[in-house]
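File shown: work_23.tsv. Contents: TSV, C-alpha atoms.
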```tsv
chain	number	residue	atom	x	y	z
A	8	MET	CA	86.77	157.89	88.88
A	9	VAL	CA	83.65	155.86	89.66
A	10	LEU	CA	84.29	153.76	86.55
A	11	GLY	CA	87.85	153.01	87.69
A	12	PHE	CA	86.76	151.89	91.14
A	13	SER	CA	83.92	149.84	89.61
A	14	ILE	CA	86.39	148.00	87.41
A	15	ALA	CA	88.72	147.50	90.39
A	16	LEU	CA	85.80	146.13	92.40
A	17	ILE	CA	85.01	143.59	89.66
A	18	VAL	CA	88.66	142.52	89.46
A	19	PHE	CA	88.97	142.20	93.25
A	20	SER	CA	85.70	140.23	93.37
A	21	LEU	CA	86.94	137.73	90.80
A	22	LEU	CA	90.29	137.40	92.55
A	23	LEU	CA	88.58	136.90	95.90
A	24	MET	CA	86.35	134.15	94.49
A	25	LEU	CA	89.37	132.41	92.98
A	26	LEU	CA	91.40	132.64	96.18
A	27	VAL	CA	88.56	131.36	98.37
A	28	LEU	CA	88.03	128.41	96.06
A	29	MET	CA	91.75	127.58	96.24
A	30	HIS	CA	91.59	127.10	100.03
A	31	LYS	CA	91.61	123.61	101.40
A	32	GLY	CA	88.38	122.43	102.98
A	33	LYS	CA	88.44	122.17	106.76
A	34	GLY	CA	85.66	119.58	106.88
A	35	GLY	CA	82.07	119.76	107.95
A	36	GLY	CA	81.00	121.85	105.00
A	37	LEU	CA	80.36	121.52	101.32
A	38	SER	CA	83.91	120.26	100.76
A	39	ASP	CA	82.88	116.94	102.39
A	40	MET	CA	80.28	116.47	99.70
A	41	PHE	CA	82.98	116.34	97.04
A	42	GLY	CA	85.36	114.06	98.91
A	43	GLY	CA	87.36	116.72	100.75
A	44	GLY	CA	86.54	115.21	104.12
A	45	MET	CA	88.39	111.97	103.42
A	46	GLN	CA	91.78	113.61	103.66
A	47	SER	CA	93.45	113.72	107.02
A	48	SER	CA	95.63	116.63	107.98
A	49	VAL	CA	98.85	115.14	109.34
A	50	GLY	CA	100.70	118.38	109.95
A	51	GLY	CA	99.83	122.00	110.46
A	52	SER	CA	99.24	124.45	107.71
A	53	SER	CA	102.03	124.74	105.21
A	54	VAL	CA	103.77	127.91	104.14
A	55	ALA	CA	101.76	127.99	100.92
A	56	GLU	CA	98.48	127.83	102.84
A	57	ARG	CA	99.53	130.62	105.18
A	58	ASN	CA	100.58	132.77	102.23
A	59	LEU	CA	97.25	132.02	100.54
A	60	ASP	CA	95.49	133.12	103.74
A	61	ARG	CA	97.45	136.37	103.80
A	62	ILE	CA	96.83	137.11	100.14
A	63	THR	CA	93.12	136.39	100.56
A	64	LEU	CA	92.97	138.72	103.56
A	65	VAL	CA	94.71	141.54	101.67
A	66	ILE	CA	92.47	141.17	98.61
A	67	GLY	CA	89.43	141.06	100.90
A	68	LEU	CA	90.48	144.29	102.60
A	69	LEU	CA	91.09	145.95	99.23
A	70	TRP	CA	87.66	144.75	98.07
A	71	PHE	CA	86.04	146.23	101.18
A	72	ALA	CA	87.94	149.53	100.82
A	73	CYS	CA	86.88	149.73	97.18
A	74	ILE	CA	83.23	149.37	98.19
A	75	ILE	CA	83.58	152.12	100.81
A	76	VAL	CA	85.27	154.50	98.35
A	77	LEU	CA	82.62	153.78	95.71
A	78	ALA	CA	79.85	154.49	98.21
A	79	MET	CA	81.42	157.81	99.19
A	80	LEU	CA	81.98	158.79	95.55
A	81	MET	CA	78.41	157.97	94.61
A	82	LYS	CA	77.07	159.89	97.59
A	83	THR	CA	79.03	163.01	96.69
A	84	ASN	CA	78.04	162.77	93.00
A	85	SER	CA	74.32	162.75	93.71
```
Can the structure from this file be put into structure tokens for me?
Amino acid sequence: MVLGFSIALIVFSLLLMLLVLMHKGKGGGLSDMFGGGMQSSVGGSSVAERNLDRITLVIGLLWFACIIVLAMLMKTNS
């Protein structure tokens, strides 16, 4: 069971990294260094960006839950 949650944690970690990197830079950070600050946002966030936010939040919560379950499993096994 620990192995299954460890694999799930690795998968969720990779997905979370990918989703965070897909987000548009808001300015003032490292995205400005690579030219992200030159774009102006004319409108609000699009539907795709909101869906990306939601998916990132869900994967982040699953990642956190996986860590908690792994910690409880490892505590009971030792």
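Near A:Ala72, within 12 Å and counting all atoms listed in the file, sit Phe12, Ser13, Ala15, Leu16, Phe19, Val65, Ile66, Ala78 and Met79 of chain A, not including residues fewer than 6 positions from it in the same chain.
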* Asked: What is the distance, in Å and to one decimal place, between atom CA of A:Asp60 and atom CA of A:Gly11?
  -> 26.7 Å
Near stretch 67-69 of chain A, within 10 Å and counting all atoms listed in the file, which residues show up once chain neighbours fewer than 2 positions away are dropped, as a PDB file with C-alpha atoms, in the frame of the given file?
```
ATOM      1  CA  ALA A  15      88.720 147.500  90.390  1.00  0.00           C
ATOM      2  CA  LEU A  16      85.800 146.130  92.400  1.00  0.00           C
ATOM      3  CA  PHE A  19      88.970 142.200  93.250  1.00  0.00           C
ATOM      4  CA  SER A  20      85.700 140.230  93.370  1.00  0.00           C
ATOM      5  CA  LEU A  22      90.290 137.400  92.550  1.00  0.00           C
ATOM      6  CA  LEU A  23      88.580 136.900  95.900  1.00  0.00           C
ATOM      7  CA  MET A  24      86.350 134.150  94.490  1.00  0.00           C
ATOM      8  CA  LEU A  26      91.400 132.640  96.180  1.00  0.00           C
ATOM      9  CA  ARG A  61      97.450 136.370 103.800  1.00  0.00           C
ATOM     10  CA  ILE A  62      96.830 137.110 100.140  1.00  0.00           C
ATOM     11  CA  THR A  63      93.120 136.390 100.560  1.00  0.00           C
ATOM     12  CA  LEU A  64      92.970 138.720 103.560  1.00  0.00           C
ATOM     13  CA  VAL A  65      94.710 141.540 101.670  1.00  0.00           C
ATOM     14  CA  PHE A  71      86.040 146.230 101.180  1.00  0.00           C
ATOM     15  CA  ALA A  72      87.940 149.530 100.820  1.00  0.00           C
ATOM     16  CA  CYS A  73      86.880 149.730  97.180  1.00  0.00           C
ATOM     17  CA  ILE A  74      83.230 149.370  98.190  1.00  0.00           C
ATOM     18  CA  ILE A  75      83.580 152.120 100.810  1.00  0.00           C
TER      19      ILE A  75
END
```
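Each of A:Glu56, A:Leu80, A:Leu10, A:Trp70 was checked against A:Gly32 using only C-alpha atoms; the smallest atom-to-atom distance is that of A:Glu56.
Across the structure, atom CA of A:Ser53 and atom CA of A:Leu25 are spaced 19.2 Å apart.
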* **Coordinates-based distance that separates atom CA of A:Ile14 from atom CA of A:Met81 (Å, one decimal)** => 14.7 Å
